[in-house]
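Here is coords_14.txt, consisting of compact mmCIF, C-alpha atoms:
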# COMPACT_ATOMS: atom_id res chain seq x y z
CA MET A 3 25.06 -1.17 -36.63
CA ARG A 4 26.21 -0.67 -33.07
CA VAL A 5 25.00 1.57 -30.29
CA GLY A 6 26.97 2.51 -27.22
CA TYR A 7 25.22 2.09 -23.89
CA GLY A 8 25.71 3.74 -20.54
CA ALA A 9 24.52 7.28 -21.33
CA ALA A 10 20.96 7.12 -20.04
CA ASP A 11 20.37 6.79 -16.30
CA SER A 12 24.11 6.60 -15.66
CA THR A 13 24.37 8.87 -12.65
CA GLY A 14 22.26 9.84 -9.69
CA ALA A 15 21.73 13.29 -8.22
CA ASP A 16 25.02 12.97 -6.34
CA GLY A 17 26.90 12.18 -9.54
CA VAL A 18 27.51 8.55 -8.56
CA VAL A 19 26.96 5.93 -11.24
CA GLU A 20 23.81 3.91 -10.47
CA HIS A 21 24.48 0.31 -11.43
CA LEU A 22 21.60 -2.12 -11.22
CA ASP A 23 22.40 -4.36 -8.25
CA THR A 24 20.89 -7.32 -6.46
CA THR A 25 20.17 -5.04 -3.50
CA TRP A 26 17.58 -3.23 -5.62
CA LEU A 27 15.28 -6.27 -5.40
CA THR A 28 13.72 -6.79 -2.00
CA GLY A 29 10.48 -8.22 -0.67
CA ASP A 30 8.51 -11.38 -1.38
CA PRO A 31 8.35 -11.52 -4.33
CA PRO A 32 11.28 -9.14 -4.85
CA TRP A 33 10.48 -7.85 -8.35
CA PRO A 34 7.23 -5.75 -8.19
CA ALA A 35 8.65 -2.62 -6.55
CA LEU A 36 11.50 -2.19 -9.05
CA PHE A 37 9.27 -3.09 -11.98
CA GLN A 38 6.68 -0.49 -10.97
CA ARG A 39 9.44 2.09 -10.51
CA TRP A 40 10.89 1.41 -13.96
CA LEU A 41 7.45 1.40 -15.58
CA GLY A 42 6.63 4.71 -13.93
CA GLU A 43 9.90 6.18 -15.13
CA ALA A 44 9.20 4.95 -18.67
CA VAL A 45 5.82 6.70 -18.53
CA ALA A 46 7.42 9.88 -17.19
CA ALA A 47 10.05 9.76 -19.96
CA GLN A 48 7.22 9.59 -22.52
CA ILE A 49 8.43 6.33 -24.01
CA PRO A 50 5.90 5.43 -26.75
CA GLU A 51 3.47 2.86 -25.35
CA PRO A 52 5.51 2.07 -22.23
CA ASN A 53 3.17 -0.81 -21.38
CA ALA A 54 3.88 -2.57 -24.69
CA MET A 55 5.46 -5.97 -24.19
CA VAL A 56 6.68 -8.71 -26.52
CA LEU A 57 4.77 -11.91 -25.76
CA GLY A 58 6.33 -15.26 -26.67
CA THR A 59 4.33 -18.49 -26.88
CA VAL A 60 4.86 -22.01 -28.22
CA ASP A 61 2.08 -23.84 -30.06
CA ALA A 62 1.08 -27.50 -29.96
CA ASP A 63 3.67 -28.33 -32.64
CA GLY A 64 6.50 -26.67 -30.72
CA ARG A 65 6.66 -23.63 -33.00
CA PRO A 66 7.47 -20.39 -31.18
CA ALA A 67 5.85 -17.07 -32.00
CA THR A 68 6.24 -13.55 -30.68
CA ARG A 69 4.05 -10.48 -30.99
CA THR A 70 3.63 -7.17 -29.20
CA VAL A 71 0.65 -6.82 -26.87
CA LEU A 72 -0.28 -4.27 -24.21
CA CYS A 73 0.09 -4.98 -20.52
CA LYS A 74 -3.18 -4.04 -18.82
CA GLY A 75 -2.27 -4.91 -15.26
CA ALA A 76 0.81 -5.66 -13.18
CA ASP A 77 1.09 -6.59 -9.52
CA ALA A 78 2.69 -9.24 -7.34
CA ASP A 79 0.52 -11.90 -9.01
CA GLY A 80 1.91 -11.17 -12.48
CA VAL A 81 1.17 -9.25 -15.67
CA VAL A 82 -2.18 -9.22 -17.47
CA PHE A 83 -3.13 -8.88 -21.14
CA PHE A 84 -6.35 -9.44 -23.11
CA THR A 85 -6.99 -11.20 -26.40
CA GLY A 86 -9.24 -13.66 -28.19
CA TYR A 87 -9.15 -17.13 -26.66
CA ASP A 88 -9.47 -18.63 -30.15
CA SER A 89 -6.70 -16.45 -31.63
CA ARG A 90 -3.38 -18.01 -32.53
CA LYS A 91 -1.85 -16.93 -29.24
CA GLY A 92 -4.93 -18.23 -27.41
CA ARG A 93 -4.64 -21.63 -29.10
CA ALA A 94 -0.94 -21.76 -28.32
CA LEU A 95 -1.61 -20.98 -24.67
CA ALA A 96 -4.30 -23.66 -24.54
CA ALA A 97 -1.74 -26.20 -25.77
CA ASN A 98 1.21 -24.88 -23.74
CA PRO A 99 0.10 -22.56 -20.91
CA VAL A 100 3.51 -20.97 -20.46
CA ALA A 101 4.92 -17.77 -21.94
CA SER A 102 7.52 -15.06 -21.76
CA VAL A 103 7.11 -11.31 -22.02
CA THR A 104 9.71 -8.59 -22.51
CA PHE A 105 9.29 -4.88 -21.84
CA PRO A 106 11.81 -3.31 -24.27
CA TRP A 107 12.49 0.17 -22.95
CA ILE A 108 15.51 0.50 -25.23
CA ALA A 109 15.51 4.31 -25.20
CA MET A 110 16.13 4.09 -21.44
CA GLU A 111 18.66 1.27 -21.84
CA ARG A 112 16.42 -1.06 -19.85
CA GLN A 113 14.57 -4.30 -20.39
CA VAL A 114 12.53 -6.55 -18.10
CA HIS A 115 11.89 -10.21 -18.95
CA PHE A 116 9.14 -12.33 -17.38
CA ARG A 117 8.76 -16.09 -17.74
CA GLY A 118 6.06 -18.26 -16.20
CA ARG A 119 2.78 -20.08 -16.52
CA VAL A 120 -0.30 -18.40 -17.93
CA VAL A 121 -3.85 -18.63 -16.59
CA LYS A 122 -7.11 -16.99 -17.62
CA VAL A 123 -8.20 -14.14 -15.37
CA ASP A 124 -11.51 -14.21 -13.53
CA PRO A 125 -14.49 -13.23 -15.76
CA ALA A 126 -15.19 -10.29 -13.44
CA GLU A 127 -11.73 -8.91 -14.17
CA THR A 128 -12.30 -9.32 -17.90
CA LEU A 129 -15.67 -7.54 -17.62
CA ALA A 130 -14.17 -4.63 -15.66
CA TYR A 131 -11.50 -4.10 -18.29
CA TRP A 132 -13.98 -4.54 -21.16
CA GLN A 133 -16.28 -1.86 -19.76
CA ALA A 134 -13.34 0.55 -19.50
CA ARG A 135 -12.44 0.17 -23.19
CA PRO A 136 -13.49 2.79 -25.76
CA ARG A 137 -16.74 1.77 -27.42
CA GLY A 138 -15.12 1.66 -30.85
CA SER A 139 -12.59 -0.87 -29.59
CA GLN A 140 -15.41 -2.93 -28.09
CA LEU A 141 -17.25 -3.02 -31.41
CA SER A 142 -14.13 -3.98 -33.36
CA ALA A 143 -13.22 -6.75 -30.93
CA TYR A 144 -16.77 -8.10 -31.04
CA ALA A 145 -16.72 -8.12 -34.85
CA SER A 146 -13.32 -9.75 -35.26
CA GLN A 147 -12.79 -13.49 -35.41
CA GLN A 148 -9.22 -12.92 -34.35
CA SER A 149 -6.52 -14.66 -36.42
CA GLU A 150 -9.06 -16.19 -38.85
CA PRO A 151 -8.61 -15.46 -42.58
CA ILE A 152 -10.78 -12.81 -44.27
CA GLY A 153 -11.07 -12.00 -47.93
CA SER A 154 -10.32 -8.29 -47.95
CA ARG A 155 -10.11 -5.09 -45.97
CA ALA A 156 -13.57 -4.25 -47.29
CA ASP A 157 -14.93 -7.48 -45.79
CA LEU A 158 -13.39 -6.58 -42.43
CA VAL A 159 -14.87 -3.08 -42.50
CA ALA A 160 -18.26 -4.50 -43.47
CA ALA A 161 -18.20 -6.96 -40.57
CA ALA A 162 -17.37 -4.15 -38.17
CA ALA A 163 -20.13 -1.97 -39.64
CA ALA A 164 -22.68 -4.76 -39.18
CA VAL A 165 -21.79 -5.13 -35.52
CA ALA A 166 -21.85 -1.36 -35.03
CA ALA A 167 -25.35 -1.23 -36.53
CA GLU A 168 -26.49 -4.07 -34.27
CA PHE A 169 -25.50 -2.16 -31.14
CA GLY A 170 -26.41 1.34 -32.28
CA GLY A 171 -23.03 2.55 -33.53
CA VAL A 172 -20.13 4.20 -31.78
CA ASP A 173 -22.48 6.69 -30.13
CA GLY A 174 -25.14 4.12 -29.28
CA GLN A 175 -26.42 3.36 -25.80
CA THR A 176 -26.85 -0.40 -26.10
CA PRO A 177 -24.03 -2.05 -24.13
CA VAL A 178 -21.65 -4.17 -26.17
CA PRO A 179 -21.25 -7.50 -24.35
CA VAL A 180 -17.92 -9.20 -23.81
CA PRO A 181 -17.39 -11.53 -26.78
CA PRO A 182 -17.86 -15.15 -25.69
CA HIS A 183 -14.34 -16.18 -26.68
CA TRP A 184 -12.42 -13.13 -25.49
CA GLY A 185 -10.79 -12.28 -22.18
CA GLY A 186 -7.72 -11.85 -20.09
CA TYR A 187 -4.65 -13.88 -19.25
CA ARG A 188 -2.26 -13.48 -16.38
CA LEU A 189 1.37 -14.53 -16.69
CA GLU A 190 2.37 -15.73 -13.21
CA PRO A 191 6.14 -15.34 -13.23
CA VAL A 192 8.59 -17.90 -11.97
CA SER A 193 11.47 -15.68 -13.09
CA VAL A 194 11.93 -11.96 -13.72
CA GLU A 195 15.15 -10.52 -15.12
CA PHE A 196 16.09 -6.84 -15.09
CA TRP A 197 18.58 -5.65 -17.72
CA GLN A 198 20.43 -2.33 -17.77
CA GLY A 199 22.70 -1.32 -20.65
CA ARG A 200 26.22 -0.29 -19.68
CA ALA A 201 29.33 0.84 -21.51
CA ASP A 202 31.50 -1.62 -23.45
CA ARG A 203 28.77 -4.28 -23.31
CA LEU A 204 29.31 -4.85 -19.57
CA HIS A 205 25.56 -4.75 -19.10
CA ASN A 206 23.94 -5.31 -15.72
CA ARG A 207 21.60 -8.28 -15.40
CA VAL A 208 19.82 -9.24 -12.20
CA LEU A 209 17.60 -12.33 -12.12
CA THR A 210 15.05 -13.28 -9.48
CA GLU A 211 13.53 -16.77 -9.54
CA ASP A 212 10.84 -18.60 -7.61
CA THR A 213 12.36 -21.90 -6.46
CA GLY A 214 9.12 -23.17 -4.94
CA THR A 215 10.37 -22.51 -1.43
CA GLY A 216 11.17 -18.81 -1.93
CA TRP A 217 12.66 -16.29 -4.31
CA THR A 218 16.35 -16.06 -5.10
CA VAL A 219 18.15 -13.00 -6.48
CA GLN A 220 21.44 -13.19 -8.36
CA ARG A 221 23.56 -11.21 -10.77
CA LEU A 222 24.17 -12.71 -14.23
CA GLN A 223 27.07 -12.12 -16.55
CA PRO A 224 26.19 -10.10 -19.67
Serialized structure, structure tokens:
Amino acid sequence: MRVGYGAADSTGADGVVEHLDTTWLTGDPPWPALFQRWLGEAVAAQIPEPNAMVLGTVDADGRPATRTVLCKGADADGVVFFTGYDSRKGRALAANPVASVTFPWIAMERQVHFRGRVVKVDPAETLAYWQARPRGSQLSAYASQQSEPIGSRADLVAAAAAVAAEFGGVDGQTPVPVPPHWGGYRLEPVSVEFWQGRADRLHNRVLTEDTGTGWTVQRLQP
């Protein structure tokens, strides 16, 4: 199975081919402006769940794992996602607080890869996001002991129903508190790579890295 690249986003309004170039990344750090532009264009193109990203972690035994999570914030400080601190990904991050994320906008022939250290966000940031979630999602998150075994789907539904009853149901007025072992993480990137599919596998790759004394920008071979 092979797919040819270079059809999407190949020319600008003047008909000139727009090849991803190092000059597209400016500022300190140089990646946020282009990332926000590409994310906005993915939203405008109605890519399904454009903020979905593949998160890679490594546990205490050196075993890697990937899963898709939703990005809930992105700025010059990094990208933010929320999960259970005692989940498998949470335990992996406790053992090795580094990760990678990939935004796979394949329909637009684009990808963005982040790598860096991961820190917990401030509790106030977690609370602000929690309060913005739909109440049903709050109840489910409160009921779930994320990544722990459970006997059946019926047991899961029963646990959710018990929590819903405790707080007055989906239409109740009693606030659902943030679960004690749930919150946000921020991946603080030390490298961000932009990938653009091109014809004949001559893809464009531009990498920006934090050297500790500043950010570098360079083109990579495909």
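Computed from the coordinates, the CA of Leu41 in chain A to CA of Val56 in chain A distance equals 14.9 Å.
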Nearest to Phe83 in chain A, chosen from A:Leu204, A:Asp23, A:Leu95, A:Leu189, with all atoms listed in the file counted in the distances: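 Using all atoms listed in the file, Phe83 in chain A sits closest to A:Leu189.
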Separation of CA of Glu51 in chain A from CA of Leu72 in chain A, in Å and rounded to one decimal: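 Those two atoms sit 8.1 Å apart.
Counting all atoms listed in the file, the residue from A:Pro181, A:Pro31, A:Pro50, A:Gly92 that sits nearest to Gly80 in chain A is A:Pro31.
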Å distance separating CA of Phe116 in chain A from CA of Asp79 in chain A, one decimal place: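 Taking CA of Phe116 in chain A as the start and CA of Asp79 in chain A as the end point, the length is 12.0 Å.
Ranking A:Lys74, A:His183, A:Arg39, A:Arg155 by their shortest atom-to-atom distance to Asp88 in chain A, with only C-alpha atoms included, puts A:His183 first.
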Shortest interatomic distance to Leu57 in chain A - which of A:Val5, A:Val180, A:Val208, A:Ala94, counting all atoms listed in the file: A:Ala94
Residue with smallest distance to Pro99 in chain A - pool A:Arg137, A:His115, A:Arg188, A:Arg200, counting only C-alpha atoms: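 Nearest to Pro99 in chain A: A:Arg188.
Among the candidates A:Ala156, A:Val82, A:Leu222, A:Ala162, the one nearest to Gly138 in chain A when counting all atoms listed in the file is A:Ala162.
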12 Å contact set for Gly171 in chain A, all atoms listed in the file, chain neighbours under 3 positions out, as JSON, numbers by chain: {"A": [137, 138, 139, 140, 141, 142, 162, 163, 164, 165, 166, 167, 168, 174, 175, 176, 177, 178]}
Could you add N, CA and C atoms to range 141-158 of chain A and give me the result as a PDB file, in the coordinates of the input?
ATOM      1  N   LEU A 141     -16.562  -2.588 -30.189  1.00  0.00           N
ATOM      2  CA  LEU A 141     -17.250  -3.020 -31.410  1.00  0.00           C
ATOM      3  C   LEU A 141     -16.315  -3.792 -32.330  1.00  0.00           C
ATOM      4  N   SER A 142     -15.082  -3.303 -32.472  1.00  0.00           N
ATOM      5  CA  SER A 142     -14.130  -3.980 -33.360  1.00  0.00           C
ATOM      6  C   SER A 142     -13.777  -5.361 -32.828  1.00  0.00           C
ATOM      7  N   ALA A 143     -13.561  -5.452 -31.517  1.00  0.00           N
ATOM      8  CA  ALA A 143     -13.220  -6.750 -30.930  1.00  0.00           C
ATOM      9  C   ALA A 143     -14.376  -7.727 -31.075  1.00  0.00           C
ATOM     10  N   TYR A 144     -15.605  -7.230 -30.919  1.00  0.00           N
ATOM     11  CA  TYR A 144     -16.770  -8.100 -31.040  1.00  0.00           C
ATOM     12  C   TYR A 144     -16.918  -8.611 -32.479  1.00  0.00           C
ATOM     13  N   ALA A 145     -16.557  -7.761 -33.440  1.00  0.00           N
ATOM     14  CA  ALA A 145     -16.720  -8.120 -34.850  1.00  0.00           C
ATOM     15  C   ALA A 145     -15.635  -9.059 -35.347  1.00  0.00           C
ATOM     16  N   SER A 146     -14.468  -9.025 -34.723  1.00  0.00           N
ATOM     17  CA  SER A 146     -13.320  -9.750 -35.260  1.00  0.00           C
ATOM     18  C   SER A 146     -13.263 -11.196 -34.787  1.00  0.00           C
ATOM     19  N   GLN A 147     -13.134 -12.098 -35.722  1.00  0.00           N
ATOM     20  CA  GLN A 147     -12.790 -13.490 -35.410  1.00  0.00           C
ATOM     21  C   GLN A 147     -11.269 -13.574 -35.462  1.00  0.00           C
ATOM     22  N   GLN A 148     -10.662 -13.196 -34.378  1.00  0.00           N
ATOM     23  CA  GLN A 148      -9.220 -12.920 -34.350  1.00  0.00           C
ATOM     24  C   GLN A 148      -8.393 -14.080 -34.890  1.00  0.00           C
ATOM     25  N   SER A 149      -7.481 -13.756 -35.784  1.00  0.00           N
ATOM     26  CA  SER A 149      -6.520 -14.660 -36.420  1.00  0.00           C
ATOM     27  C   SER A 149      -7.125 -15.506 -37.545  1.00  0.00           C
ATOM     28  N   GLU A 150      -8.440 -15.435 -37.762  1.00  0.00           N
ATOM     29  CA  GLU A 150      -9.060 -16.190 -38.850  1.00  0.00           C
ATOM     30  C   GLU A 150      -8.897 -15.435 -40.170  1.00  0.00           C
ATOM     31  N   PRO A 151      -8.758 -16.134 -41.288  1.00  0.00           N
ATOM     32  CA  PRO A 151      -8.610 -15.460 -42.580  1.00  0.00           C
ATOM     33  C   PRO A 151      -9.865 -14.648 -42.935  1.00  0.00           C
ATOM     34  N   ILE A 152      -9.672 -13.595 -43.730  1.00  0.00           N
ATOM     35  CA  ILE A 152     -10.780 -12.810 -44.270  1.00  0.00           C
ATOM     36  C   ILE A 152     -10.387 -12.349 -45.664  1.00  0.00           C
ATOM     37  N   GLY A 153     -11.362 -12.219 -46.520  1.00  0.00           N
ATOM     38  CA  GLY A 153     -11.070 -12.000 -47.930  1.00  0.00           C
ATOM     39  C   GLY A 153     -10.417 -10.680 -48.249  1.00  0.00           C
ATOM     40  N   SER A 154     -10.835  -9.607 -47.586  1.00  0.00           N
ATOM     41  CA  SER A 154     -10.320  -8.290 -47.950  1.00  0.00           C
ATOM     42  C   SER A 154     -10.521  -7.320 -46.801  1.00  0.00           C
ATOM     43  N   ARG A 155      -9.890  -6.160 -46.931  1.00  0.00           N
ATOM     44  CA  ARG A 155     -10.110  -5.090 -45.970  1.00  0.00           C
ATOM     45  C   ARG A 155     -11.568  -4.660 -45.980  1.00  0.00           C
ATOM     46  N   ALA A 156     -12.165  -4.642 -47.172  1.00  0.00           N
ATOM     47  CA  ALA A 156     -13.570  -4.250 -47.290  1.00  0.00           C
ATOM     48  C   ALA A 156     -14.471  -5.199 -46.507  1.00  0.00           C
ATOM     49  N   ASP A 157     -14.151  -6.494 -46.550  1.00  0.00           N
ATOM     50  CA  ASP A 157     -14.930  -7.480 -45.790  1.00  0.00           C
ATOM     51  C   ASP A 157     -14.813  -7.219 -44.290  1.00  0.00           C
ATOM     52  N   LEU A 158     -13.608  -6.864 -43.840  1.00  0.00           N
ATOM     53  CA  LEU A 158     -13.390  -6.580 -42.430  1.00  0.00           C
ATOM     54  C   LEU A 158     -14.188  -5.351 -41.991  1.00  0.00           C
TER      55      LEU A 158
END
